[in-house]
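What follows is a single structure, written as structure tokens, with notes after it.
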Amino acid sequence: MRLATWNVNSIRARSEQVVAWMNRHAIDVLAMQETKCTDDQFPVMSFLAHGYDVAFHGSSGYNGVAIASRIGVHDIHIGFDGQPLYAGEREARAISATCGGVRVWSLYAPNGREPGHDHFQYKLDWLSALADVTSLELSHDPAAQVALAGDWNVAPTDEDVWDPEYFASRTHTSDEERAAFRRFVEGGFVDSAAPFTPGPGTYTFWDYQAGRFARNEGMRIDFALCSPALDDRIHDAFIDRDARAAEGASDHAPLVFDLS
């Protein structure tokens, strides 16, 4: 089984590119984030035409998550219990489904904007609520196979950004955000890509501006945190930088896992 996660940065603009990439790399399940479309705008036929079922949850012009699978999409859940609201809205940031016996989540954590902003507190609350739900589920079933896949908008260590000083007063690297991320690891989930994608200089996101990608000035903010039972099955992982280098690409690269 081959599982991947990718912030696609508008699925309507890139559906053919995404599906072609999935076919080229024999992806069985893809968790997508930042699809940027309402449910009635999602390009379903692009996936169905290539044998992929797809579950999605979107809103107009921003956010949005989806899961595409050629090994089934069952027991689809939108959001999660206790998911906080922002400006009175339950944003389209989480979807989960069972694919080939694995509970796959596609997660798009809030950006936070800047420390002190109400969106920053929303981000912390969102991550805390998700940790409450997923750690409780894992404690009830330690043998569960679960992948919390997505764009976490957190760089867990200084090694995960190109210049820690540049990010010192910005989001993604604050003590509060890193503590929120650690809660998942302390709750039993594993950064399963880490042994296969060592740093420094290993990133999943490069801003479009200022030639960041060409200079490898990036961030590692995309992860699949896996339950121990699923982590035991992972025998390889890689970040596909070539996908980020393609013409008209997303500003994120896909993260791919091979499971036995």
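Quick note on naming: the chains in the structure tokens go A, B, ... in the order shown, residues restart at 1 in each chain, and ligands are numbered from 1 in order of appearance.
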
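Once Glu91 of chain A and its same-chain neighbours fewer than 5 positions away are set aside, Ser59, Asn63, Leu85 and Tyr86 of chain A remain within 8 Å of it when counting only C-alpha atoms.
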
For the selection just defined, write its residues with all heavy atoms to a file, as an mmCIF file, in the first residue's frame.
```
data_model
loop_
_atom_site.group_PDB
_atom_site.id
_atom_site.type_symbol
_atom_site.label_atom_id
_atom_site.label_comp_id
_atom_site.auth_asym_id
_atom_site.auth_seq_id
_atom_site.Cartn_x
_atom_site.Cartn_y
_atom_site.Cartn_z
ATOM 1 N N SER A 59 -15.064 24.491 1.225
ATOM 2 C CA SER A 59 -15.765 25.761 1.358
ATOM 3 C C SER A 59 -15.243 26.680 0.270
ATOM 4 O O SER A 59 -14.220 26.393 -0.366
ATOM 5 C CB SER A 59 -15.545 26.368 2.748
ATOM 6 O OG SER A 59 -14.173 26.529 3.021
ATOM 7 N N ASN A 63 -9.312 26.877 2.377
ATOM 8 C CA ASN A 63 -9.377 25.639 3.158
ATOM 9 C C ASN A 63 -9.762 24.453 2.269
ATOM 10 O O ASN A 63 -9.417 24.402 1.105
ATOM 11 C CB ASN A 63 -10.324 25.781 4.354
ATOM 12 C CG ASN A 63 -9.932 26.905 5.276
ATOM 13 O OD1 ASN A 63 -8.756 27.247 5.372
ATOM 14 N ND2 ASN A 63 -10.896 27.516 5.942
ATOM 15 N N LEU A 85 -14.899 26.594 16.422
ATOM 16 C CA LEU A 85 -15.354 27.476 15.360
ATOM 17 C C LEU A 85 -14.384 28.643 15.220
ATOM 18 O O LEU A 85 -13.682 29.013 16.157
ATOM 19 C CB LEU A 85 -16.748 28.013 15.667
ATOM 20 C CG LEU A 85 -17.861 27.016 15.965
ATOM 21 C CD1 LEU A 85 -19.160 27.752 16.245
ATOM 22 C CD2 LEU A 85 -18.032 26.024 14.833
ATOM 23 N N TYR A 86 -14.383 29.240 14.029
ATOM 24 C CA TYR A 86 -13.686 30.502 13.841
ATOM 25 C C TYR A 86 -14.647 31.457 13.143
ATOM 26 O O TYR A 86 -15.196 31.134 12.096
ATOM 27 C CB TYR A 86 -12.418 30.344 12.999
ATOM 28 C CG TYR A 86 -11.652 31.640 12.909
ATOM 29 C CD1 TYR A 86 -11.003 32.153 14.029
ATOM 30 C CD2 TYR A 86 -11.614 32.384 11.728
ATOM 31 C CE1 TYR A 86 -10.321 33.364 13.978
ATOM 32 C CE2 TYR A 86 -10.923 33.583 11.658
ATOM 33 C CZ TYR A 86 -10.285 34.071 12.794
ATOM 34 O OH TYR A 86 -9.614 35.274 12.746
#
```

Per-residue DSSP, segment 212-244 of chain A, filtered to alpha helix (DSSP H), as a ChimeraX atom specification: /A:228-231,241-244

Nearby residues (only C-alpha atoms) at most 10 Å from segment 30-39 of chain A, same-chain spacing under 5 positions excluded, as a ChimeraX atom specification: /A:2-15,18-19,22,44,52,54-70,92-96,104-109,147-151,224,254-256

Nearest-residue call for Glu186 of chain A, choices A:Asp141, A:Glu159, A:Glu165, A:Asp132, using only C-alpha atoms: A:Asp132

Atom-to-atom span, atom CA of Gly201 of chain A and atom CA of Ala168 of chain A, Å: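 Pair atom CA of Gly201 of chain A / atom CA of Ala168 of chain A returns 17.8 Å.
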
From A:Ala144, A:Val73, A:Ala129, A:Ala245, residue lying nearest Ala214 of chain A [only C-alpha atoms]: A:Ala245

Selection: 10 Å around segment 232-235 of chain A, only C-alpha atoms, excl. self and same-chain fewer than 3 positions, as a list of chain:residue names: A:Met1, A:Arg2, A:Leu3, A:Gln145, A:Ser192, A:Ala193, A:Pro195, A:Phe196, A:Cys226, A:Ser227, A:Pro228, A:Ala229, A:Phe257, A:Asp258, A:Leu259, A:Ser260

Strand (DSSP E or B) call set, DSSP backbone run, segment 70-232 of chain A, as a count of residues only: 36

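Checking A:Gly100, A:Thr173, A:His252, A:Asn23 one by one against Trp206 of chain A, counting only C-alpha atoms, you find the shortest gap at A:His252.
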
Point-to-point distance in Å for atom CA of Met219 of chain A and atom CA of Pro43 of chain A: 29.0 Å

Shell of 10 Å around Glu114 of chain A, only C-alpha atoms, local chain residues under 4 positions omitted, as a ChimeraX atom specification: /A:118-121,169-172

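With distances restricted to only C-alpha atoms, A:Val161 is the closest residue to Asn216 of chain A from A:Ala237, A:Val185, A:Val161, A:Asp53.
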
Spatial neighbours of Asp158 of chain A, max dist 12 Å, only C-alpha atoms, sep filter under 3 positions, as a PyMOL selection string: chain A and resi 154-155+161-168+172-175+178+199-203+218-221

Limited to N, CA and C atoms, could you put the picked residues into a file as a tab-separated table (two decimals), in the first residue's frame?
```
chain	number	residue	atom	x	y	z
A	154	VAL	N	3.00	23.63	11.38
A	154	VAL	CA	3.93	23.70	12.51
A	154	VAL	C	5.25	23.07	12.07
A	155	ALA	N	6.35	23.77	12.33
A	155	ALA	CA	7.68	23.21	12.13
A	155	ALA	C	8.19	22.80	13.51
A	161	VAL	N	13.13	24.46	9.61
A	161	VAL	CA	12.99	25.71	8.87
A	161	VAL	C	14.36	26.14	8.35
A	162	TRP	N	14.35	26.89	7.28
A	162	TRP	CA	15.63	27.26	6.65
A	162	TRP	C	16.41	28.28	7.47
A	163	ASP	N	15.71	29.08	8.29
A	163	ASP	CA	16.40	30.09	9.09
A	163	ASP	C	15.60	30.35	10.37
A	164	PRO	N	15.98	29.74	11.47
A	164	PRO	CA	15.22	29.93	12.72
A	164	PRO	C	15.10	31.39	13.13
A	165	GLU	N	16.11	32.18	12.87
A	165	GLU	CA	16.04	33.60	13.25
A	165	GLU	C	14.96	34.33	12.46
A	166	TYR	N	14.81	33.98	11.19
A	166	TYR	CA	13.78	34.59	10.36
A	166	TYR	C	12.39	34.32	10.91
A	167	PHE	N	12.20	33.14	11.49
A	167	PHE	CA	10.88	32.75	12.00
A	167	PHE	C	10.68	33.06	13.49
A	168	ALA	N	11.65	33.69	14.11
A	168	ALA	CA	11.62	33.86	15.56
A	168	ALA	C	10.37	34.57	16.06
A	172	HIS	N	4.31	29.23	13.30
A	172	HIS	CA	4.83	27.91	12.89
A	172	HIS	C	5.97	27.40	13.77
A	173	THR	N	6.67	28.28	14.46
A	173	THR	CA	7.82	27.85	15.24
A	173	THR	C	7.75	28.26	16.71
A	174	SER	N	6.64	28.82	17.13
A	174	SER	CA	6.54	29.29	18.52
A	174	SER	C	6.53	28.12	19.49
A	175	ASP	N	6.88	28.39	20.72
A	175	ASP	CA	6.85	27.36	21.76
A	175	ASP	C	5.45	26.77	21.90
A	178	ARG	N	4.69	24.41	18.91
A	178	ARG	CA	5.48	23.18	19.01
A	178	ARG	C	5.00	22.30	20.15
A	199	GLY	N	17.06	15.50	8.20
A	199	GLY	CA	17.52	16.85	7.89
A	199	GLY	C	18.99	16.96	8.23
A	200	PRO	N	19.51	18.17	8.24
A	200	PRO	CA	18.78	19.43	7.97
A	200	PRO	C	18.57	19.65	6.47
A	201	GLY	N	17.81	20.68	6.16
A	201	GLY	CA	17.54	21.03	4.77
A	201	GLY	C	16.49	20.18	4.10
A	202	THR	N	15.70	19.44	4.90
A	202	THR	CA	14.64	18.59	4.35
A	202	THR	C	13.30	19.26	4.62
A	203	TYR	N	12.64	19.71	3.55
A	203	TYR	CA	11.42	20.50	3.71
A	203	TYR	C	10.29	19.95	2.84
A	218	GLY	N	13.03	26.53	2.81
A	218	GLY	CA	11.71	25.95	3.02
A	218	GLY	C	11.40	25.67	4.47
A	219	MET	N	10.31	24.89	4.64
A	219	MET	CA	9.84	24.48	5.96
A	219	MET	C	9.34	23.04	5.87
A	220	ARG	N	9.52	22.31	6.91
A	220	ARG	CA	8.93	20.97	7.01
A	220	ARG	C	7.70	21.07	7.89
A	221	ILE	N	6.52	21.12	7.26
A	221	ILE	CA	5.28	21.33	7.99
A	221	ILE	C	4.19	20.31	7.61
```
